[in-house]
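Undergrad: File follows, run28.txt with compact mmCIF, C-alpha atoms:
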# COMPACT_ATOMS: atom_id res chain seq x y z
CA MET A 1 0.00 0.00 0.00
CA ASN A 2 1.77 3.10 -1.24
CA SER A 3 0.67 6.71 -1.27
CA SER A 4 0.16 6.54 -5.02
CA LYS A 5 -2.26 4.15 -6.71
CA LEU A 6 -0.40 4.48 -10.00
CA LEU A 7 2.82 3.52 -8.26
CA ASP A 8 1.03 0.50 -6.82
CA LYS A 9 -0.12 -0.49 -10.29
CA ALA A 10 3.36 -0.17 -11.75
CA VAL A 11 4.77 -2.24 -8.89
CA GLU A 12 2.12 -4.88 -9.50
CA GLN A 13 3.05 -5.02 -13.20
CA PHE A 14 6.76 -5.44 -12.50
CA ALA A 15 6.01 -8.00 -9.78
CA SER A 16 4.30 -10.11 -12.47
CA LEU A 17 7.69 -10.72 -14.13
CA PRO A 18 9.21 -14.12 -13.32
CA GLY A 19 11.16 -14.17 -10.07
CA VAL A 20 10.32 -10.58 -9.14
CA GLY A 21 8.69 -9.91 -5.77
CA ARG A 22 7.02 -6.71 -4.63
CA LYS A 23 10.17 -5.34 -3.00
CA THR A 24 12.25 -5.77 -6.14
CA ALA A 25 9.39 -4.41 -8.26
CA LEU A 26 9.29 -1.31 -6.07
CA LYS A 27 13.04 -0.89 -6.49
CA PHE A 28 12.61 -1.02 -10.28
CA VAL A 29 9.76 1.49 -10.24
CA LEU A 30 11.57 3.97 -7.97
CA HIS A 31 14.58 3.63 -10.25
CA LEU A 32 12.44 4.44 -13.31
CA LEU A 33 10.89 7.41 -11.48
CA LYS A 34 14.37 8.87 -11.02
CA ARG A 35 15.27 8.49 -14.68
CA LYS A 36 14.99 11.19 -17.32
CA PRO A 37 11.69 11.12 -19.27
CA GLU A 38 13.49 10.36 -22.55
CA GLU A 39 15.18 7.34 -20.96
CA VAL A 40 11.81 6.07 -19.78
CA ASP A 41 10.55 6.64 -23.33
CA CYS A 42 13.34 4.39 -24.63
CA PHE A 43 12.30 1.75 -22.13
CA ILE A 44 8.64 1.98 -23.14
CA GLN A 45 9.53 1.95 -26.85
CA SER A 46 11.60 -1.20 -26.49
CA ILE A 47 8.67 -3.03 -24.87
CA THR A 48 6.25 -1.69 -27.48
CA ASN A 49 8.56 -3.01 -30.21
CA LEU A 50 8.49 -6.43 -28.56
CA LYS A 51 4.76 -6.49 -29.01
CA THR A 52 4.49 -4.99 -32.48
CA THR A 53 7.63 -5.80 -34.45
CA ILE A 54 9.25 -8.96 -33.16
CA ARG A 55 7.83 -12.11 -34.70
CA GLU A 56 8.62 -15.78 -35.21
CA CYS A 57 10.92 -17.00 -37.97
CA LYS A 58 8.60 -18.80 -40.37
CA ILE A 59 11.05 -21.70 -40.73
CA CYS A 60 12.42 -22.41 -37.26
CA HIS A 61 10.17 -20.35 -34.90
CA ASN A 62 13.15 -18.47 -33.49
CA ILE A 63 12.34 -14.81 -32.87
CA THR A 64 13.31 -12.31 -35.51
CA ASP A 65 12.70 -8.77 -36.74
CA SER A 66 12.15 -9.90 -40.35
CA GLU A 67 10.65 -12.91 -42.12
CA LEU A 68 13.58 -15.26 -41.52
CA CYS A 69 15.83 -15.29 -38.47
CA GLU A 70 19.52 -14.55 -38.91
CA ILE A 71 20.41 -18.21 -38.48
CA CYS A 72 17.99 -19.51 -41.15
CA ALA A 73 19.01 -16.68 -43.48
CA ASP A 74 22.74 -17.40 -43.04
CA LYS A 75 23.95 -19.21 -46.17
CA LYS A 76 27.18 -20.25 -44.43
CA ARG A 77 25.38 -22.53 -42.01
CA ASP A 78 24.84 -26.23 -42.62
CA SER A 79 21.21 -26.40 -43.68
CA SER A 80 21.14 -30.21 -43.63
CA THR A 81 21.25 -30.41 -39.82
CA ILE A 82 18.46 -29.32 -37.52
CA CYS A 83 18.89 -29.03 -33.77
CA VAL A 84 15.51 -29.36 -32.03
CA VAL A 85 15.19 -27.19 -28.90
CA GLU A 86 12.47 -26.31 -26.46
CA SER A 87 12.82 -22.54 -26.45
CA ILE A 88 14.68 -19.57 -27.89
CA LYS A 89 16.85 -19.43 -24.77
CA ASP A 90 18.31 -22.82 -25.70
CA ILE A 91 19.40 -21.45 -29.07
CA LEU A 92 21.29 -18.70 -27.26
CA SER A 93 22.96 -21.28 -25.00
CA ILE A 94 24.00 -23.51 -27.89
CA GLU A 95 25.17 -20.57 -30.00
CA GLY A 96 27.25 -19.55 -26.98
CA THR A 97 29.24 -22.78 -27.25
CA SER A 98 30.33 -22.04 -30.88
CA GLN A 99 30.22 -25.83 -31.44
CA TYR A 100 27.22 -25.99 -33.74
CA ASN A 101 26.85 -24.67 -37.27
CA GLY A 102 23.50 -26.11 -38.37
CA LEU A 103 19.97 -24.76 -38.16
CA TYR A 104 17.46 -24.95 -35.32
CA HIS A 105 13.83 -25.77 -34.72
CA VAL A 106 12.10 -24.27 -31.69
CA LEU A 107 9.29 -26.47 -30.39
CA GLY A 108 7.92 -23.71 -28.18
CA GLY A 109 7.62 -26.07 -25.22
CA ILE A 110 7.81 -29.70 -24.32
CA ILE A 111 5.22 -32.48 -24.11
CA SER A 112 3.92 -32.31 -20.54
CA PRO A 113 0.54 -33.90 -19.81
CA MET A 114 0.71 -32.50 -16.25
CA ASP A 115 0.67 -28.96 -17.67
CA GLY A 116 -1.82 -29.89 -20.38
CA ILE A 117 0.74 -29.52 -23.18
CA GLY A 118 0.34 -32.13 -25.90
CA PRO A 119 2.16 -32.64 -29.22
CA ALA A 120 -0.42 -30.49 -31.04
CA ASP A 121 0.55 -27.47 -28.93
CA LEU A 122 4.13 -27.62 -30.13
CA HIS A 123 5.76 -26.85 -33.49
CA ILE A 124 6.18 -30.54 -34.30
CA ALA A 125 4.13 -30.59 -37.53
CA SER A 126 6.32 -27.87 -39.05
CA LEU A 127 9.44 -29.84 -38.09
CA ILE A 128 8.12 -32.97 -39.85
CA GLU A 129 7.30 -30.78 -42.84
CA ARG A 130 10.87 -29.45 -42.95
CA VAL A 131 12.15 -33.03 -43.00
CA GLU A 132 9.59 -34.08 -45.63
CA GLN A 133 10.85 -31.34 -47.94
CA GLY A 134 14.13 -33.25 -48.05
CA ASN A 135 17.73 -32.12 -47.81
CA ILE A 136 17.86 -32.80 -44.06
CA HIS A 137 20.49 -35.36 -43.03
CA GLU A 138 20.49 -35.11 -39.27
CA ILE A 139 18.11 -34.16 -36.47
CA ILE A 140 19.74 -33.51 -33.09
CA PHE A 141 17.53 -33.36 -30.02
CA ALA A 142 18.83 -30.83 -27.50
CA LEU A 143 16.02 -31.19 -24.98
CA SER A 144 16.06 -31.17 -21.20
CA ALA A 145 17.29 -34.39 -19.56
CA THR A 146 13.88 -34.92 -17.95
CA ILE A 147 11.03 -37.35 -18.51
CA GLU A 148 9.23 -34.64 -20.50
CA GLY A 149 12.30 -34.02 -22.65
CA ASP A 150 12.79 -37.73 -23.31
CA THR A 151 9.08 -38.17 -24.10
CA THR A 152 9.11 -35.29 -26.56
CA GLY A 153 12.23 -36.60 -28.27
CA TYR A 154 10.79 -40.11 -28.46
CA TYR A 155 7.47 -38.84 -29.86
CA ILE A 156 9.23 -36.99 -32.68
CA PHE A 157 11.62 -39.91 -33.22
CA LYS A 158 8.64 -42.22 -33.80
CA LYS A 159 7.15 -39.78 -36.34
CA LEU A 160 10.44 -39.66 -38.24
CA LYS A 161 11.77 -43.21 -37.98
CA ASN A 162 10.34 -44.22 -41.38
CA LYS A 163 12.70 -41.73 -43.03
CA GLU A 164 15.64 -43.72 -44.20
CA GLU A 165 19.06 -42.08 -44.26
CA LEU A 166 17.93 -39.53 -41.66
CA VAL A 167 20.30 -39.62 -38.67
CA ILE A 168 18.50 -38.86 -35.41
CA SER A 169 20.68 -38.11 -32.39
CA THR A 170 20.44 -36.56 -28.98
CA ILE A 171 22.99 -34.47 -27.11
CA ALA A 172 25.15 -36.50 -24.70
CA LYS A 173 24.09 -36.72 -21.08
CA GLY A 174 26.86 -37.31 -18.62
CA ILE A 175 28.90 -35.69 -15.89
CA SER A 176 29.55 -31.96 -16.21
CA ILE A 177 33.04 -30.87 -17.23
CA GLY A 178 35.03 -29.98 -14.12
CA ASN A 179 32.73 -31.90 -11.78
CA ASP A 180 34.00 -34.41 -9.25
CA LEU A 181 32.55 -37.92 -9.68
CA GLU A 182 31.82 -37.84 -5.96
CA TYR A 183 29.29 -35.04 -6.34
CA THR A 184 27.57 -36.31 -9.48
CA ASP A 185 24.14 -37.81 -8.90
CA GLU A 186 23.79 -41.55 -9.50
CA LEU A 187 21.38 -41.28 -12.43
CA THR A 188 23.71 -39.01 -14.38
CA LEU A 189 26.74 -41.11 -13.53
CA GLY A 190 24.86 -44.26 -14.57
CA ARG A 191 23.90 -42.67 -17.86
CA SER A 192 27.49 -41.52 -18.46
CA ILE A 193 28.72 -45.12 -18.01
CA ILE A 194 26.11 -46.55 -20.38
CA ASN A 195 26.92 -43.89 -22.98
CA ARG A 196 30.67 -44.18 -22.53
CA ILE A 197 32.74 -43.03 -25.46
CA ARG A 198 35.51 -45.24 -26.81
CA PHE A 199 38.99 -43.72 -26.91
CA SER A 200 40.09 -43.29 -30.45
CA PHE A 201 43.57 -42.52 -31.69
CA ASN A 202 42.26 -41.10 -34.94
CA GLU A 203 40.61 -38.07 -33.38
CA MET B 1 23.91 -11.41 -29.36
CA ASN B 2 20.44 -12.58 -30.25
CA SER B 3 18.85 -13.16 -33.61
CA SER B 4 16.71 -10.08 -33.14
CA LYS B 5 18.14 -6.58 -32.67
CA LEU B 6 14.89 -5.39 -31.10
CA LEU B 7 15.10 -8.21 -28.60
CA ASP B 8 18.67 -7.16 -27.83
CA LYS B 9 17.50 -3.60 -27.25
CA ALA B 10 14.71 -4.70 -24.92
CA VAL B 11 17.15 -6.91 -23.00
CA GLU B 12 19.54 -3.96 -22.71
CA GLN B 13 16.75 -1.77 -21.32
CA PHE B 14 15.72 -4.31 -18.70
CA ALA B 15 19.36 -4.95 -17.82
CA SER B 16 19.62 -1.26 -16.91
CA LEU B 17 17.30 -1.83 -13.95
CA PRO B 18 19.11 -2.13 -10.61
CA GLY B 19 20.36 -5.64 -9.87
CA VAL B 20 19.27 -7.08 -13.21
CA GLY B 21 21.86 -8.79 -15.38
CA ARG B 22 21.53 -9.76 -19.03
CA LYS B 23 20.30 -13.29 -18.26
CA THR B 24 17.51 -12.06 -16.00
CA ALA B 25 16.66 -9.30 -18.48
CA LEU B 26 16.35 -11.93 -21.21
CA LYS B 27 14.05 -13.97 -18.97
CA PHE B 28 11.83 -10.90 -18.48
CA VAL B 29 11.72 -10.14 -22.19
CA LEU B 30 10.92 -13.72 -23.23
CA HIS B 31 8.19 -13.70 -20.59
CA LEU B 32 6.70 -10.50 -22.03
CA LEU B 33 6.91 -11.97 -25.55
CA LYS B 34 4.72 -14.84 -24.43
CA ARG B 35 2.09 -12.57 -22.88
CA LYS B 36 -1.11 -11.44 -24.56
CA PRO B 37 -0.81 -8.05 -26.31
CA GLU B 38 -3.37 -6.46 -23.98
CA GLU B 39 -1.34 -7.55 -20.96
CA VAL B 40 1.77 -5.99 -22.45
CA ASP B 41 -0.31 -2.85 -23.06
CA CYS B 42 -1.15 -2.75 -19.33
CA PHE B 43 2.53 -3.06 -18.57
CA ILE B 44 3.45 -0.24 -20.94
CA GLN B 45 0.61 1.95 -19.67
CA SER B 46 1.72 1.57 -16.06
CA ILE B 47 5.23 2.75 -16.95
CA THR B 48 3.87 5.62 -19.06
CA ASN B 49 1.77 6.71 -16.07
CA LEU B 50 4.89 6.76 -13.93
CA LYS B 51 6.38 9.29 -16.26
CA THR B 52 3.33 11.44 -16.91
CA THR B 53 1.04 11.33 -13.88
CA ILE B 54 3.01 10.54 -10.76
CA ARG B 55 4.51 13.62 -9.12
CA GLU B 56 5.97 14.80 -5.85
CA CYS B 57 3.80 15.89 -2.95
CA LYS B 58 4.41 19.64 -2.72
CA ILE B 59 4.72 19.47 1.07
CA CYS B 60 6.77 16.39 1.87
CA HIS B 61 8.16 15.26 -1.56
CA ASN B 62 6.58 11.83 -1.20
CA ILE B 63 5.20 10.55 -4.51
CA THR B 64 1.54 11.05 -5.22
CA ASP B 65 -1.08 11.07 -7.97
CA SER B 66 -2.52 14.43 -6.86
CA GLU B 67 -1.21 17.65 -5.34
CA LEU B 68 -0.80 16.33 -1.80
CA CYS B 69 0.16 12.79 -0.84
CA GLU B 70 -2.28 10.68 1.15
CA ILE B 71 -0.26 11.14 4.32
CA CYS B 72 -0.11 14.95 4.14
CA ALA B 73 -3.79 15.08 3.17
CA ASP B 74 -4.84 12.83 6.07
CA LYS B 75 -6.41 15.03 8.76
CA LYS B 76 -6.15 12.25 11.34
CA ARG B 77 -2.37 12.32 11.38
CA ASP B 78 -0.33 14.37 13.83
CA SER B 79 0.78 17.34 11.72
CA SER B 80 3.10 18.67 14.45
CA THR B 81 5.66 15.90 13.99
CA ILE B 82 7.85 15.44 10.93
CA CYS B 83 9.93 12.35 10.31
CA VAL B 84 12.86 13.16 8.01
CA VAL B 85 13.79 10.30 5.66
CA GLU B 86 16.16 9.83 2.77
CA SER B 87 13.78 8.29 0.25
CA ILE B 88 10.20 7.21 -0.42
CA LYS B 89 11.16 3.62 0.36
CA ASP B 90 11.86 4.63 3.96
CA ILE B 91 8.31 5.97 4.30
CA LEU B 92 6.99 2.58 3.23
CA SER B 93 9.22 0.84 5.78
CA ILE B 94 8.14 3.13 8.63
CA GLU B 95 4.47 2.96 7.64
CA GLY B 96 4.88 -0.81 7.72
CA THR B 97 5.67 -0.66 11.44
CA SER B 98 2.35 1.11 12.28
CA GLN B 99 4.27 2.90 15.06
CA TYR B 100 4.24 6.40 13.63
CA ASN B 101 1.34 8.74 13.04
CA GLY B 102 3.03 11.99 12.08
CA LEU B 103 4.03 13.45 8.72
CA TYR B 104 7.19 12.90 6.68
CA HIS B 105 9.76 14.86 4.79
CA VAL B 106 11.69 13.13 1.98
CA LEU B 107 15.16 14.61 1.49
CA GLY B 108 15.63 12.83 -1.83
CA GLY B 109 19.09 11.65 -0.84
CA ILE B 110 21.75 12.16 1.77
CA ILE B 111 24.75 14.51 2.02
CA SER B 112 27.58 12.59 0.42
CA PRO B 113 30.60 14.55 -0.81
CA MET B 114 32.01 11.37 -2.37
CA ASP B 115 29.00 11.21 -4.71
CA GLY B 116 28.95 14.97 -5.19
CA ILE B 117 25.69 15.40 -3.26
CA GLY B 118 25.64 18.53 -1.14
CA PRO B 119 22.90 20.06 1.04
CA ALA B 120 21.66 22.16 -1.90
CA ASP B 121 20.80 18.99 -3.85
CA LEU B 122 18.41 17.83 -1.13
CA HIS B 123 15.00 19.05 -0.01
CA ILE B 124 16.45 20.71 3.10
CA ALA B 125 15.31 24.29 2.37
CA SER B 126 11.68 23.17 2.12
CA LEU B 127 12.01 21.34 5.45
CA ILE B 128 13.33 24.50 7.16
CA GLU B 129 10.43 26.38 5.57
CA ARG B 130 7.90 23.91 6.97
CA VAL B 131 9.39 24.45 10.44
CA GLU B 132 9.46 28.26 9.99
CA GLN B 133 5.73 28.24 9.23
CA GLY B 134 5.25 27.07 12.82
CA ASN B 135 3.07 24.37 14.32
CA ILE B 136 5.89 21.80 14.24
CA HIS B 137 6.84 20.41 17.64
CA GLU B 138 9.17 17.57 16.80
CA ILE B 139 11.55 16.58 14.02
CA ILE B 140 12.63 12.94 14.01
CA PHE B 141 15.60 11.93 11.89
CA ALA B 142 15.15 8.44 10.46
CA LEU B 143 18.34 8.35 8.39
CA SER B 144 20.80 5.55 7.73
CA ALA B 145 23.19 4.78 10.57
CA THR B 146 26.17 5.77 8.42
CA ILE B 147 28.58 8.71 8.40
CA GLU B 148 26.50 10.26 5.60
CA GLY B 149 23.29 9.81 7.57
CA ASP B 150 24.81 11.31 10.70
CA THR B 151 26.31 14.22 8.73
CA THR B 152 22.97 14.99 7.09
CA GLY B 153 21.16 14.88 10.42
CA TYR B 154 23.78 17.08 12.06
CA TYR B 155 23.66 19.60 9.19
CA ILE B 156 19.90 19.99 9.51
CA PHE B 157 20.14 20.02 13.31
CA LYS B 158 22.52 22.99 13.14
CA LYS B 159 20.12 24.85 10.84
CA LEU B 160 17.24 24.29 13.25
CA LYS B 161 18.87 24.54 16.66
CA ASN B 162 17.91 28.22 17.07
CA LYS B 163 14.26 27.19 17.14
CA GLU B 164 13.26 27.01 20.75
CA GLU B 165 10.66 24.47 21.80
CA LEU B 166 11.39 22.35 18.75
CA VAL B 167 12.31 18.83 19.84
CA ILE B 168 14.85 17.21 17.51
CA SER B 169 15.38 13.49 17.87
CA THR B 170 16.81 10.57 15.95
CA ILE B 171 15.61 6.99 15.80
CA ALA B 172 17.37 4.68 18.26
CA LYS B 173 20.39 2.73 17.08
CA GLY B 174 21.04 -0.50 18.93
CA ILE B 175 20.95 -4.24 18.59
CA SER B 176 18.26 -5.71 16.38
CA ILE B 177 15.28 -7.37 18.07
CA GLY B 178 15.89 -11.11 18.22
CA ASN B 179 19.64 -10.81 17.67
CA ASP B 180 22.21 -12.47 19.90
CA LEU B 181 24.67 -10.09 21.55
CA GLU B 182 27.40 -12.42 20.35
CA TYR B 183 26.68 -11.67 16.70
CA THR B 184 26.17 -7.92 17.04
CA ASP B 185 29.04 -5.79 15.75
CA GLU B 186 31.01 -3.81 18.34
CA LEU B 187 30.04 -0.37 17.05
CA THR B 188 26.34 -1.12 17.30
CA LEU B 189 26.73 -2.77 20.69
CA GLY B 190 28.78 0.21 21.93
CA ARG B 191 26.09 2.59 20.71
CA SER B 192 23.38 0.54 22.38
CA ILE B 193 25.22 0.76 25.72
CA ILE B 194 25.72 4.54 25.43
CA ASN B 195 22.06 5.00 24.51
CA ARG B 196 20.77 2.59 27.13
CA ILE B 197 17.20 3.12 28.21
CA ARG B 198 16.33 3.30 31.90
CA PHE B 199 13.74 0.81 33.10
CA SER B 200 10.66 2.61 34.19
CA PHE B 201 7.76 1.22 36.16
CA ASN B 202 5.41 3.88 34.86
CA GLU B 203 5.35 2.62 31.28
As structure tokens - that is how I would like this structure written.
TA:
Amino acid sequence: MNSSKLLDKAVEQFASLPGVGRKTALKFVLHLLKRKPEEVDCFIQSITNLKTTIRECKICHNITDSELCEICADKKRDSSTICVVESIKDILSIEGTSQYNGLYHVLGGIISPMDGIGPADLHIASLIERVEQGNIHEIIFALSATIEGDTTGYYIFKKLKNKEELVISTIAKGISIGNDLEYTDELTLGRSIINRIRFSFNE
Amino acid sequence: MNSSKLLDKAVEQFASLPGVGRKTALKFVLHLLKRKPEEVDCFIQSITNLKTTIRECKICHNITDSELCEICADKKRDSSTICVVESIKDILSIEGTSQYNGLYHVLGGIISPMDGIGPADLHIASLIERVEQGNIHEIIFALSATIEGDTTGYYIFKKLKNKEELVISTIAKGISIGNDLEYTDELTLGRSIINRIRFSFNE
């Protein structure tokens, strides 16, 4: 309860952001109140642009300012490989590794009956369509190492398994680089033993 | 570096809020992207209102939607006592205690030569004016227990000390309720001994 109803409303709006409580929201609002009007205008404009200008890439559902995202439009990338991810954030993480040069496909979520999200709610049909159009050699699933992630991957795998010559893979699950074995949970350690990688002198 | 420049700009704007890094800013922006346009409109409107409608109370510099803030306009409050605080946030904290029924005066900062903030940058003149107009019996300083807080209090005290019958006090500094003596720092403990309060059977 503040002395200004409009302040209260602004605090309420900021508190609706993920992980923001009322105290933090108030801190944000008081900070904005101290700023110059033109700086606040910039802030408002950037949110307005989010709503009006930013849209989904019509191929991979990444976000973009134009019809195709920069990754799909980049001729230098390997267009025969698609990495399937849950959200845009995952693209940023994978791009951050500089280890992948193919294209992406954003599902926009993950199959989760508990949350009422089924295959029809995700961009699975458009992924199948991309494969149907040919020229795709490999699909890599980069989904969360959870039951939902595995289910989603398996669902898509079943839809695609009749495609001969299509390689379907999933990112490796195992112990984190730099982690002590001692502190790795048993499930992960078990998985990393099953999926052990043979030493090779050719590499 | 995202695939959308507008997204980058929005992330940059959110990352300019206090305590928000780029990862958190991205989380906020992706959250807003998922929201319905009318919800985003509400968000934008609440920030626009901050800029256009919210102003300072002309008596105490609290923020308000009208000419006077709710506290100054409240006839039930004791208008002979003024609690001097650094910022609006402090009013909220003190109001939260329900232990104070007087008015406030927001300085808008604290004397801090290191940050280039001198007495002229604060609402000190308008405080002196409120006292000059009479009808004020007590001034309570509720400032931070820092050198800057003490300096600011002392500066105002010197300006007001010629006023006879004006009581000038400062909130008590001592050990926090519920704290062990063992874990209280020496400065605070020392202060709490100097400012010890005599037991009284009348209270």
Undergrad: How close does each residue of chain B get to chain A, giving the shortest atom pair and distance in Å to one decimal for every residue with an atom at most 9 Å away, counting all atoms listed in the file, sorted by chain and residue number, as CSV?
TA:
residue,atom,partner,partner_atom,distance
B:Met1,CA,A:Leu92,CA,8.0
B:Asn2,CA,A:Leu92,CA,6.9
B:Ser3,CA,A:Glu70,CA,5.5
B:Ser4,CA,A:Thr64,CA,4.7
B:Lys5,CA,A:Asp65,CA,7.1
B:Leu6,CA,A:Asn49,CA,6.8
B:Leu7,CA,A:Leu50,CA,6.8
B:Lys9,CA,A:Ser46,CA,6.4
B:Ala10,CA,A:Ser46,CA,4.9
B:Val11,CA,A:Ser46,CA,8.7
B:Gln13,CA,A:Phe43,CA,5.7
B:Phe14,CA,A:Phe43,CA,7.8
B:Leu17,CA,A:Phe28,CA,6.0
B:Pro18,CA,A:Phe28,CA,6.6
B:Gly19,CA,A:Thr24,CA,8.9
B:Thr24,CA,A:Gly19,CA,8.9
B:Leu26,CA,A:Lys89,CA,8.3
B:Lys27,CA,A:Pro18,CA,7.4
B:Phe28,CA,A:Leu17,CA,6.0
B:Val29,CA,A:Leu50,CA,8.0
B:Leu30,CA,A:Ile88,CA,8.4
B:His31,CA,A:Leu17,CA,7.1
B:Leu32,CA,A:Leu50,CA,7.9
B:Leu33,CA,A:Leu50,CA,6.5
B:Lys36,CA,A:Lys51,CA,8.9
B:Pro37,CA,A:Lys51,CA,6.4
B:Val40,CA,A:Lys51,CA,7.2
B:Asp41,CA,A:Thr48,CA,8.0
B:Cys42,CA,A:Gln13,CA,7.8
B:Phe43,CA,A:Gln13,CA,5.7
B:Ile44,CA,A:Ile44,CA,6.1
B:Gln45,CA,A:Ala10,CA,8.6
B:Ser46,CA,A:Ala10,CA,4.9
B:Ile47,CA,A:Ala10,CA,6.3
B:Thr48,CA,A:Ile44,CA,7.3
B:Asn49,CA,A:Leu6,CA,6.8
B:Leu50,CA,A:Leu33,CA,6.5
B:Lys51,CA,A:Pro37,CA,6.4
B:Thr52,CA,A:Pro37,CA,8.7
B:Thr53,CA,A:Leu6,CA,8.0
B:Ile54,CA,A:Leu6,CA,7.0
B:Asn62,CA,A:Ser3,CA,7.8
B:Ile63,CA,A:Ser4,CA,6.5
B:Thr64,CA,A:Ser4,CA,4.7
B:Asp65,CA,A:Ser4,CA,5.5
B:Ser66,CA,A:Ser4,CA,8.5
B:Cys69,CA,A:Ser3,CA,6.1
B:Glu70,CA,A:Ser3,CA,5.5
B:Ile71,CA,A:Ser3,CA,7.2
B:Ile88,CA,A:Leu30,CA,8.3
B:Lys89,CA,A:Leu26,CA,8.3
B:Leu92,CA,A:Asn2,CA,6.9
Undergrad: Would you give the centre and edge lengths, in Å to one decimal, of a box along x, y and z around the listed atoms of segment 154-169 of chain A, with 4 Å added to each side, as JSON?
TA:
{"center_x": 13.9, "center_y": -40.6, "center_z": -36.4, "size_x": 21.5, "size_y": 15.2, "size_z": 23.8}
Undergrad: What lies within 9 Å of Phe141 of chain B using all atoms listed in the file, ignoring chain neighbours under 4 positions off, as a list in words?
TA: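 After dropping sequence-adjacent residues, the list is Ile82, Cys83, Val84, Val85, Gly153, Ile168, Ser169, Thr170 and Ile171 of chain B.
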Undergrad: Take atom CA of Asp74 of chain A and atom CA of Lys58 of chain A and report the distance between them in Å, one decimal.
TA: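 If I compute the distance from atom CA of Asp74 of chain A to atom CA of Lys58 of chain A, I get 14.5 Å.
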Undergrad: Quick one: distance from atom CA of Tyr155 of chain A to atom CA of Asp78 of chain A in Å, one decimal?
TA: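 The value is 25.0 Å.
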Undergrad: How far is it from atom CA of Arg198 of chain A to atom CA of Tyr183 of chain A, in Å with one decimal?
TA: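 That distance, rounded to one decimal, is 23.7 Å.
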Undergrad: Considering all atoms listed in the file, return as a list in words whatever protein or nucleic-acid residues lie within 9 Å of Ser192 of chain A, sequence-local ones (same chain, fewer than 6 positions apart) excluded.
TA: Ala172, Lys173, Gly174 and Ile175 of chain A
Undergrad: Closest to Leu160 of chain A among A:Ile128, A:Gly190, A:Glu86, A:Thr184, using all atoms listed in the file?
TA: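 Among the listed residues, the smallest separation from Leu160 of chain A belongs to A:Ile128.
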Undergrad: Please determine, counting all atoms listed in the file, which residue among B:His137, B:Arg130, B:Arg196, B:His123 has the shortest atom-to-atom distance to Val167 of chain B.
TA: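 Going through B:His137, B:Arg130, B:Arg196, B:His123 one by one, the smallest distance to Val167 of chain B is for B:His137.
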Undergrad: For Glu164 of chain B, which residue among B:Ile136, B:Ala73, B:Ala15, B:Ile124 is the nearest when counting only C-alpha atoms?
TA: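 For Glu164 of chain B, the nearest of the given residues is B:Ile136.
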Undergrad: Would it be fine to have segment 87-96 of chain A, with N, CA, C and O atoms, given as a PDB file, in the first residue's frame?
TA:
ATOM      1  N   SER A  87      13.108 -23.975 -26.406  1.00  0.00           N
ATOM      2  CA  SER A  87      12.816 -22.537 -26.452  1.00  0.00           C
ATOM      3  C   SER A  87      13.975 -21.749 -27.038  1.00  0.00           C
ATOM      4  O   SER A  87      15.081 -22.271 -27.233  1.00  0.00           O
ATOM      5  N   ILE A  88      13.695 -20.478 -27.302  1.00  0.00           N
ATOM      6  CA  ILE A  88      14.681 -19.569 -27.889  1.00  0.00           C
ATOM      7  C   ILE A  88      15.932 -19.472 -27.020  1.00  0.00           C
ATOM      8  O   ILE A  88      17.047 -19.358 -27.514  1.00  0.00           O
ATOM      9  N   LYS A  89      15.721 -19.519 -25.699  1.00  0.00           N
ATOM     10  CA  LYS A  89      16.845 -19.434 -24.766  1.00  0.00           C
ATOM     11  C   LYS A  89      17.876 -20.516 -25.042  1.00  0.00           C
ATOM     12  O   LYS A  89      19.068 -20.305 -24.904  1.00  0.00           O
ATOM     13  N   ASP A  90      17.383 -21.718 -25.443  1.00  0.00           N
ATOM     14  CA  ASP A  90      18.306 -22.823 -25.698  1.00  0.00           C
ATOM     15  C   ASP A  90      19.174 -22.538 -26.922  1.00  0.00           C
ATOM     16  O   ASP A  90      20.330 -22.947 -26.971  1.00  0.00           O
ATOM     17  N   ILE A  91      18.595 -21.834 -27.908  1.00  0.00           N
ATOM     18  CA  ILE A  91      19.399 -21.449 -29.074  1.00  0.00           C
ATOM     19  C   ILE A  91      20.557 -20.574 -28.615  1.00  0.00           C
ATOM     20  O   ILE A  91      21.707 -20.775 -29.007  1.00  0.00           O
ATOM     21  N   LEU A  92      20.240 -19.611 -27.746  1.00  0.00           N
ATOM     22  CA  LEU A  92      21.292 -18.701 -27.264  1.00  0.00           C
ATOM     23  C   LEU A  92      22.381 -19.485 -26.546  1.00  0.00           C
ATOM     24  O   LEU A  92      23.576 -19.234 -26.732  1.00  0.00           O
ATOM     25  N   SER A  93      21.962 -20.483 -25.728  1.00  0.00           N
ATOM     26  CA  SER A  93      22.955 -21.276 -24.996  1.00  0.00           C
ATOM     27  C   SER A  93      23.841 -22.045 -25.962  1.00  0.00           C
ATOM     28  O   SER A  93      25.066 -22.073 -25.816  1.00  0.00           O
ATOM     29  N   ILE A  94      23.217 -22.687 -26.959  1.00  0.00           N
ATOM     30  CA  ILE A  94      24.000 -23.513 -27.886  1.00  0.00           C
ATOM     31  C   ILE A  94      24.893 -22.629 -28.756  1.00  0.00           C
ATOM     32  O   ILE A  94      26.062 -22.938 -28.978  1.00  0.00           O
ATOM     33  N   GLU A  95      24.351 -21.490 -29.213  1.00  0.00           N
ATOM     34  CA  GLU A  95      25.173 -20.569 -30.003  1.00  0.00           C
ATOM     35  C   GLU A  95      26.378 -20.101 -29.178  1.00  0.00           C
ATOM     36  O   GLU A  95      27.464 -19.888 -29.714  1.00  0.00           O
ATOM     37  N   GLY A  96      26.168 -19.976 -27.864  1.00  0.00           N
ATOM     38  CA  GLY A  96      27.248 -19.546 -26.976  1.00  0.00           C
ATOM     39  C   GLY A  96      28.412 -20.516 -26.949  1.00  0.00           C
ATOM     40  O   GLY A  96      29.545 -20.131 -26.655  1.00  0.00           O
TER      41      GLY A  96
END
